[in-house]
>>> print(open('data_2.tsv').read())   # TSV, C-alpha atoms
chain	number	residue	atom	x	y	z
A	147	MET	CA	19.62	-1.45	1.48
A	148	ALA	CA	18.27	-4.59	-0.18
A	149	PRO	CA	14.55	-4.62	-0.87
A	150	ILE	CA	12.36	-6.55	1.53
A	151	ALA	CA	11.96	-10.18	0.46
A	152	VAL	CA	10.00	-13.33	1.21
A	153	GLY	CA	10.86	-14.60	4.69
A	154	ASP	CA	11.78	-11.15	6.03
A	155	SER	CA	9.88	-9.50	8.86
A	156	ILE	CA	8.42	-6.16	7.91
A	157	PRO	CA	10.05	-3.26	9.72
A	158	ASP	CA	8.00	-1.20	12.10
A	159	GLY	CA	7.35	2.37	11.13
A	160	THR	CA	4.91	5.20	11.57
A	161	LEU	CA	2.33	6.03	8.92
A	162	SER	CA	-0.61	8.45	8.86
A	163	TYR	CA	-4.18	8.28	7.61
A	164	PHE	CA	-7.57	9.89	8.12
A	165	ASP	CA	-10.19	7.80	9.92
A	166	ASP	CA	-13.94	7.62	9.26
A	167	GLN	CA	-14.49	10.68	11.47
A	168	ASP	CA	-12.04	12.67	9.33
A	169	GLN	CA	-9.44	12.75	12.11
A	170	MET	CA	-5.78	12.25	11.26
A	171	GLN	CA	-4.34	9.16	12.90
A	172	THR	CA	-0.73	8.09	13.24
A	173	VAL	CA	-0.17	4.36	13.53
A	174	ASN	CA	2.71	1.92	13.75
A	175	ILE	CA	2.53	-0.63	10.96
A	176	HIS	CA	3.21	-3.44	13.45
A	177	SER	CA	0.01	-2.53	15.30
A	178	LEU	CA	-1.90	-3.03	12.04
A	179	ALA	CA	-0.13	-6.23	11.04
A	180	ALA	CA	0.83	-8.20	14.16
A	181	GLY	CA	-1.14	-11.43	14.34
A	182	LYS	CA	-2.91	-10.65	11.06
A	183	LYS	CA	-2.70	-11.43	7.38
A	184	ILE	CA	-2.37	-8.16	5.47
A	185	ILE	CA	-1.66	-6.91	2.00
A	186	LEU	CA	0.55	-3.85	1.86
A	187	PHE	CA	0.74	-2.45	-1.63
A	188	GLY	CA	2.72	0.60	-2.61
A	189	VAL	CA	2.35	3.02	-5.45
A	190	PRO	CA	4.60	5.79	-6.80
A	191	GLY	CA	1.99	8.49	-6.33
A	192	ALA	CA	-1.60	9.35	-5.57
A	193	PHE	CA	-3.68	10.44	-8.56
A	194	THR	CA	-1.11	9.14	-11.05
A	195	PRO	CA	-2.54	7.25	-14.06
A	196	THR	CA	-1.52	3.62	-13.49
A	197	CYS	CA	-2.04	3.88	-9.73
A	198	SER	CA	-5.46	5.49	-10.01
A	199	LEU	CA	-6.85	3.62	-13.00
A	200	LYS	CA	-5.45	0.12	-12.49
A	201	HIS	CA	-3.61	-0.64	-9.27
A	202	VAL	CA	-5.96	0.76	-6.61
A	203	PRO	CA	-9.23	-0.14	-8.39
A	204	GLY	CA	-8.10	-3.76	-8.61
A	205	TYR	CA	-7.72	-4.02	-4.84
A	206	ILE	CA	-11.05	-2.27	-4.24
A	207	GLU	CA	-12.83	-4.58	-6.71
A	208	LYS	CA	-11.19	-7.75	-5.32
A	209	ALA	CA	-11.37	-6.78	-1.62
A	210	ASP	CA	-14.21	-9.16	-0.76
A	211	GLU	CA	-12.46	-12.04	-2.52
A	212	LEU	CA	-9.19	-11.25	-0.74
A	213	LYS	CA	-10.99	-11.09	2.61
A	214	SER	CA	-12.70	-14.42	1.90
A	215	LYS	CA	-9.20	-15.93	1.61
A	216	GLY	CA	-8.23	-14.76	5.08
A	217	VAL	CA	-6.85	-11.28	4.46
A	218	ASP	CA	-7.58	-9.04	7.45
A	219	LYS	CA	-6.38	-5.69	6.07
A	220	ILE	CA	-5.57	-4.18	2.69
A	221	ILE	CA	-3.31	-1.16	2.95
A	222	CYS	CA	-2.29	1.21	0.17
A	223	LEU	CA	0.96	3.09	0.85
A	224	SER	CA	2.27	6.10	-1.02
A	225	VAL	CA	4.92	8.75	-0.43
A	226	ASN	CA	2.40	11.57	-0.19
A	227	ASP	CA	1.11	13.60	2.71
A	228	PRO	CA	-1.98	12.38	4.61
A	229	PHE	CA	-4.19	15.12	3.15
A	230	VAL	CA	-3.43	13.98	-0.40
A	231	MET	CA	-4.07	10.37	0.60
A	232	LYS	CA	-7.40	11.38	2.17
A	233	ALA	CA	-8.48	13.16	-1.02
A	234	TRP	CA	-7.37	10.21	-3.12
A	235	ALA	CA	-9.26	7.74	-0.92
A	236	LYS	CA	-12.40	9.87	-1.23
A	237	SER	CA	-12.15	9.63	-5.01
A	238	TYR	CA	-13.18	5.96	-4.62
A	239	PRO	CA	-16.63	6.17	-2.99
A	240	GLU	CA	-17.16	2.42	-3.57
A	241	ASN	CA	-14.13	1.59	-1.36
A	242	LYS	CA	-14.96	-0.21	1.87
A	243	HIS	CA	-11.80	-2.16	2.68
A	244	VAL	CA	-8.63	-0.43	1.41
A	245	LEU	CA	-6.89	1.80	3.96
A	246	PHE	CA	-4.91	4.62	2.34
A	247	VAL	CA	-1.82	5.48	4.40
A	248	ALA	CA	0.75	8.22	3.92
A	249	ASP	CA	4.50	7.88	4.20
A	250	GLY	CA	5.09	11.60	3.83
A	251	SER	CA	8.86	11.64	4.17
A	252	ALA	CA	9.45	8.16	2.65
A	253	LYS	CA	11.00	6.87	5.90
A	254	TYR	CA	8.98	3.66	5.86
A	255	THR	CA	9.51	3.18	2.14
A	256	HIS	CA	13.28	3.45	2.76
A	257	ALA	CA	13.00	0.93	5.63
A	258	LEU	CA	11.40	-1.49	3.15
A	259	GLY	CA	14.20	-0.82	0.66
A	260	LEU	CA	11.58	0.10	-1.94
A	261	GLU	CA	12.35	3.76	-2.61
A	262	LEU	CA	12.46	5.09	-6.15
A	263	ASP	CA	14.27	8.30	-7.08
A	264	LEU	CA	12.08	10.24	-9.50
A	265	SER	CA	13.87	13.56	-8.97
A	266	GLU	CA	14.58	13.90	-12.68
A	267	LYS	CA	10.82	13.96	-13.25
A	268	GLY	CA	10.32	16.51	-10.47
A	269	LEU	CA	8.73	13.98	-8.12
A	270	GLY	CA	11.56	13.40	-5.61
A	271	THR	CA	11.73	10.13	-3.69
A	272	ARG	CA	8.74	7.86	-4.22
A	273	SER	CA	7.83	4.25	-3.61
A	274	ARG	CA	8.39	1.55	-6.16
A	275	ARG	CA	5.17	-0.19	-7.18
A	276	PHE	CA	4.86	-3.33	-5.07
A	277	ALA	CA	2.54	-5.69	-3.25
A	278	LEU	CA	3.48	-7.59	-0.11
A	279	LEU	CA	1.47	-10.42	1.41
A	280	VAL	CA	2.34	-10.42	5.10
A	281	ASP	CA	1.25	-12.96	7.72
A	282	ASP	CA	1.98	-12.02	11.34
A	283	LEU	CA	4.73	-9.61	10.25
A	284	LYS	CA	6.46	-12.16	7.96
A	285	VAL	CA	6.54	-11.56	4.21
A	286	LYS	CA	4.94	-14.49	2.36
A	287	ALA	CA	4.97	-12.86	-1.10
A	288	ALA	CA	6.98	-9.86	-2.30
A	289	ASN	CA	5.88	-8.72	-5.73
A	290	VAL	CA	8.02	-5.72	-6.65
A	291	GLU	CA	7.77	-4.06	-10.04
A	292	ALA	CA	10.71	-3.06	-12.20
A	293	GLY	CA	10.73	0.54	-13.43
A	294	GLY	CA	7.31	1.81	-14.45
A	295	GLU	CA	5.83	-1.63	-14.98
A	296	PHE	CA	2.56	-3.04	-13.66
A	297	THR	CA	2.92	-6.78	-14.19
A	298	VAL	CA	3.30	-8.53	-10.78
A	299	SER	CA	1.70	-6.39	-8.04
A	300	SER	CA	-2.01	-6.46	-8.90
A	301	ALA	CA	-4.78	-7.83	-6.71
A	302	ASP	CA	-5.00	-10.80	-9.06
A	303	ASP	CA	-1.29	-11.52	-8.55
A	304	ILE	CA	-1.76	-11.52	-4.77
A	305	LEU	CA	-4.83	-13.73	-5.07
A	306	LYS	CA	-2.60	-16.30	-6.81
A	307	ALA	CA	-0.24	-16.18	-3.83
A	308	LEU	CA	-3.07	-16.92	-1.40
>>> encode(input="data_2.tsv", output="structure tokens")
Amino acid sequence: MAPIAVGDSIPDGTLSYFDDQDQMQTVNIHSLAAGKKIILFGVPGAFTPTCSLKHVPGYIEKADELKSKGVDKIICLSVNDPFVMKAWAKSYPENKHVLFVADGSAKYTHALGLELDLSEKGLGTRSRRFALLVDDLKVKAANVEAGGEFTVSSADDILKAL
């Protein structure tokens, strides 16, 4: 399947996360994105170096600026289980605006066409590193990284697209 691109509608799919009361929630992505401007950014794995030290912190640090430009939600997606995503989210106590969601079986990542086979490294199917700017379910910017790069999917790159 071709990767999602500018002009496409994002597919619906079910993702999981833990809410503020520490209760696991399952949500359809369309319910989070319909009628809203969102950023959906994906990372290959929770607690991995580039994801943890660069990608996620950038969105946390720039969240207020992104919101001031009309972004309603900032969502971090990874092919991990919801418990790992909860622990990862808690490792950023300064976070107030980034929602960490789990795509445990990579079904949504496949629907986006953004899967990455890291089986040779013992990691199985993961998500490519990406950032999507979505307005009322339509992709306005699709910044998808090649290989292990981190050059086009940062918070600063999305700010330029706003």
>>> residues_near_point(input="data_2.tsv", point="(3.8, 6.0, -6.6)", cutoff="6 Å", atoms="all atoms listed in the file", output="list in words")
Val189, Pro190, Gly191, Ser224, Arg272 and Ser273 of chain A
>>> closest_residue(input="data_2.tsv", among="A:Asp282, A:Asp165, A:Glu295, A:Asp303", to="Ser177 in chain A", atoms="only C-alpha atoms")
A:Asp282
>>> residues_around(input="data_2.tsv", residues="Gly153 in chain A", least_positions_apart="6", cutoff="10 Å", atoms="all atoms listed in the file", output="ChimeraX atom specification")
/A:280,283-288
>>> atom_distance(input="data_2.tsv", atom1="CA of Asp210 in chain A", atom2="CA of Val230 in chain A")
25.5 Å
>>> atom_distance(input="data_2.tsv", atom1="CA of Phe193 in chain A", atom2="CA of Ser214 in chain A")
28.4 Å
>>> atom_distance(input="data_2.tsv", atom1="CA of Glu261 in chain A", atom2="CA of Gly294 in chain A")
13.0 Å
>>> closest_atom_pairs(input="data_2.tsv", of="range 200-231 of chain A", to="range 304-307 of chain A", cutoff="10 Å", atoms="all atoms listed in the file", output="Markdown table")
| residue | atom | partner | partner_atom | distance |
| --- | --- | --- | --- | --- |
| A:Tyr205 | CA | A:Ile304 | CA | 9.6 |
| A:Lys208 | CA | A:Leu305 | CA | 8.7 |
| A:Glu211 | CA | A:Leu305 | CA | 8.2 |
| A:Leu212 | CA | A:Leu305 | CA | 6.6 |
| A:Lys215 | CA | A:Leu305 | CA | 8.3 |
>>> residues_around(input="data_2.tsv", residues="Leu258 in chain A", least_positions_apart="2", cutoff="8 Å", atoms="all atoms listed in the file", output="list of chain:residue names")
A:Pro149, A:Ile150, A:Ile156, A:Pro157, A:Tyr254, A:Thr255, A:His256, A:Leu260, A:Glu261
>>> closest_residue(input="data_2.tsv", among="A:His201, A:Lys242, A:Lys232, A:Lys182", to="Asp218 in chain A", atoms="only C-alpha atoms")
A:Lys182
>>> closest_residue(input="data_2.tsv", among="A:Leu279, A:Gly204, A:Asp154, A:Lys219", to="Leu178 in chain A", atoms="only C-alpha atoms")
A:Lys219
>>> residues_around(input="data_2.tsv", residues="Pro228 in chain A", least_positions_apart="5", cutoff="12 Å", atoms="all atoms listed in the file", output="mmCIF file with C-alpha atoms, keeping the file's coordinate frame")
data_model
loop_
_atom_site.group_PDB
_atom_site.id
_atom_site.type_symbol
_atom_site.label_atom_id
_atom_site.label_comp_id
_atom_site.auth_asym_id
_atom_site.auth_seq_id
_atom_site.Cartn_x
_atom_site.Cartn_y
_atom_site.Cartn_z
ATOM 1 C CA LEU A 161 2.330 6.030 8.920
ATOM 2 C CA SER A 162 -0.610 8.450 8.860
ATOM 3 C CA TYR A 163 -4.180 8.280 7.610
ATOM 4 C CA PHE A 164 -7.570 9.890 8.120
ATOM 5 C CA ASP A 165 -10.190 7.800 9.920
ATOM 6 C CA ASP A 168 -12.040 12.670 9.330
ATOM 7 C CA GLN A 169 -9.440 12.750 12.110
ATOM 8 C CA MET A 170 -5.780 12.250 11.260
ATOM 9 C CA GLN A 171 -4.340 9.160 12.900
ATOM 10 C CA THR A 172 -0.730 8.090 13.240
ATOM 11 C CA ALA A 192 -1.600 9.350 -5.570
ATOM 12 C CA LEU A 223 0.960 3.090 0.850
ATOM 13 C CA ALA A 233 -8.480 13.160 -1.020
ATOM 14 C CA TRP A 234 -7.370 10.210 -3.120
ATOM 15 C CA ALA A 235 -9.260 7.740 -0.920
ATOM 16 C CA LEU A 245 -6.890 1.800 3.960
ATOM 17 C CA PHE A 246 -4.910 4.620 2.340
ATOM 18 C CA VAL A 247 -1.820 5.480 4.400
ATOM 19 C CA ALA A 248 0.750 8.220 3.920
ATOM 20 C CA ASP A 249 4.500 7.880 4.200
ATOM 21 C CA GLY A 250 5.090 11.600 3.830
ATOM 22 C CA SER A 251 8.860 11.640 4.170
#
>>> closest_residue(input="data_2.tsv", among="A:Ala257, A:Ala292, A:Val225, A:Ile185", to="Thr271 in chain A", atoms="all atoms listed in the file")
A:Val225
>>> closest_residue(input="data_2.tsv", among="A:Leu199, A:Ile206, A:Cys222, A:Ala277", to="Ile175 in chain A", atoms="only C-alpha atoms")
A:Cys222
>>> axis_aligned_box(input="data_2.tsv", around="range 281-298 of chain A", padding_each_side="3 Å", output="AutoDock Vina command-line options")
--center_x 6.0 --center_y -6.3 --center_z -1.8 --size_x 15.5 --size_y 22.3 --size_z 32.3
>>> decode(input="data_2.tsv", residues="range 150-165 of chain A", atoms="N, CA and C atoms", output="mmCIF file, in the first residue's frame")
data_model
loop_
_atom_site.group_PDB
_atom_site.id
_atom_site.type_symbol
_atom_site.label_atom_id
_atom_site.label_comp_id
_atom_site.auth_asym_id
_atom_site.auth_seq_id
_atom_site.Cartn_x
_atom_site.Cartn_y
_atom_site.Cartn_z
ATOM 1 N N ILE A 150 0.380 7.198 3.081
ATOM 2 C CA ILE A 150 -0.571 8.305 3.083
ATOM 3 C C ILE A 150 0.137 9.562 2.587
ATOM 4 N N ALA A 151 -0.607 10.417 1.884
ATOM 5 C CA ALA A 151 -0.004 11.592 1.259
ATOM 6 C C ALA A 151 -0.914 12.806 1.416
ATOM 7 N N VAL A 152 -0.360 13.966 1.118
ATOM 8 C CA VAL A 152 -1.124 15.206 1.155
ATOM 9 C C VAL A 152 -2.358 15.061 0.264
ATOM 10 N N GLY A 153 -3.506 15.498 0.789
ATOM 11 C CA GLY A 153 -4.769 15.406 0.066
ATOM 12 C C GLY A 153 -5.586 14.178 0.419
ATOM 13 N N ASP A 154 -4.936 13.149 0.975
ATOM 14 C CA ASP A 154 -5.647 11.941 1.396
ATOM 15 C C ASP A 154 -6.448 12.212 2.661
ATOM 16 N N SER A 155 -7.487 11.424 2.863
ATOM 17 C CA SER A 155 -8.183 11.400 4.153
ATOM 18 C C SER A 155 -7.514 10.342 5.008
ATOM 19 N N ILE A 156 -7.341 10.637 6.295
ATOM 20 C CA ILE A 156 -6.747 9.613 7.151
ATOM 21 C C ILE A 156 -7.752 8.489 7.344
ATOM 22 N N PRO A 157 -7.277 7.261 7.376
ATOM 23 C CA PRO A 157 -8.187 6.141 7.619
ATOM 24 C C PRO A 157 -8.650 6.157 9.071
ATOM 25 N N ASP A 158 -9.801 5.567 9.306
ATOM 26 C CA ASP A 158 -10.214 5.402 10.695
ATOM 27 C C ASP A 158 -9.520 4.168 11.231
ATOM 28 N N GLY A 159 -9.389 4.097 12.521
ATOM 29 C CA GLY A 159 -8.745 2.961 13.151
ATOM 30 C C GLY A 159 -8.838 3.114 14.655
ATOM 31 N N THR A 160 -8.615 2.032 15.342
ATOM 32 C CA THR A 160 -8.734 2.007 16.792
ATOM 33 C C THR A 160 -7.354 2.027 17.432
ATOM 34 N N LEU A 161 -7.186 2.941 18.379
ATOM 35 C CA LEU A 161 -5.938 3.074 19.122
ATOM 36 C C LEU A 161 -6.271 3.090 20.604
ATOM 37 N N SER A 162 -5.257 2.844 21.439
ATOM 38 C CA SER A 162 -5.478 2.795 22.886
ATOM 39 C C SER A 162 -4.535 3.745 23.602
ATOM 40 N N TYR A 163 -5.004 4.234 24.755
ATOM 41 C CA TYR A 163 -4.180 5.102 25.600
ATOM 42 C C TYR A 163 -4.724 5.051 27.022
ATOM 43 N N PHE A 164 -3.938 5.560 27.953
ATOM 44 C CA PHE A 164 -4.391 5.681 29.334
ATOM 45 C C PHE A 164 -4.764 7.127 29.600
ATOM 46 N N ASP A 165 -5.939 7.341 30.198
ATOM 47 C CA ASP A 165 -6.398 8.699 30.475
ATOM 48 C C ASP A 165 -5.807 9.223 31.789
#
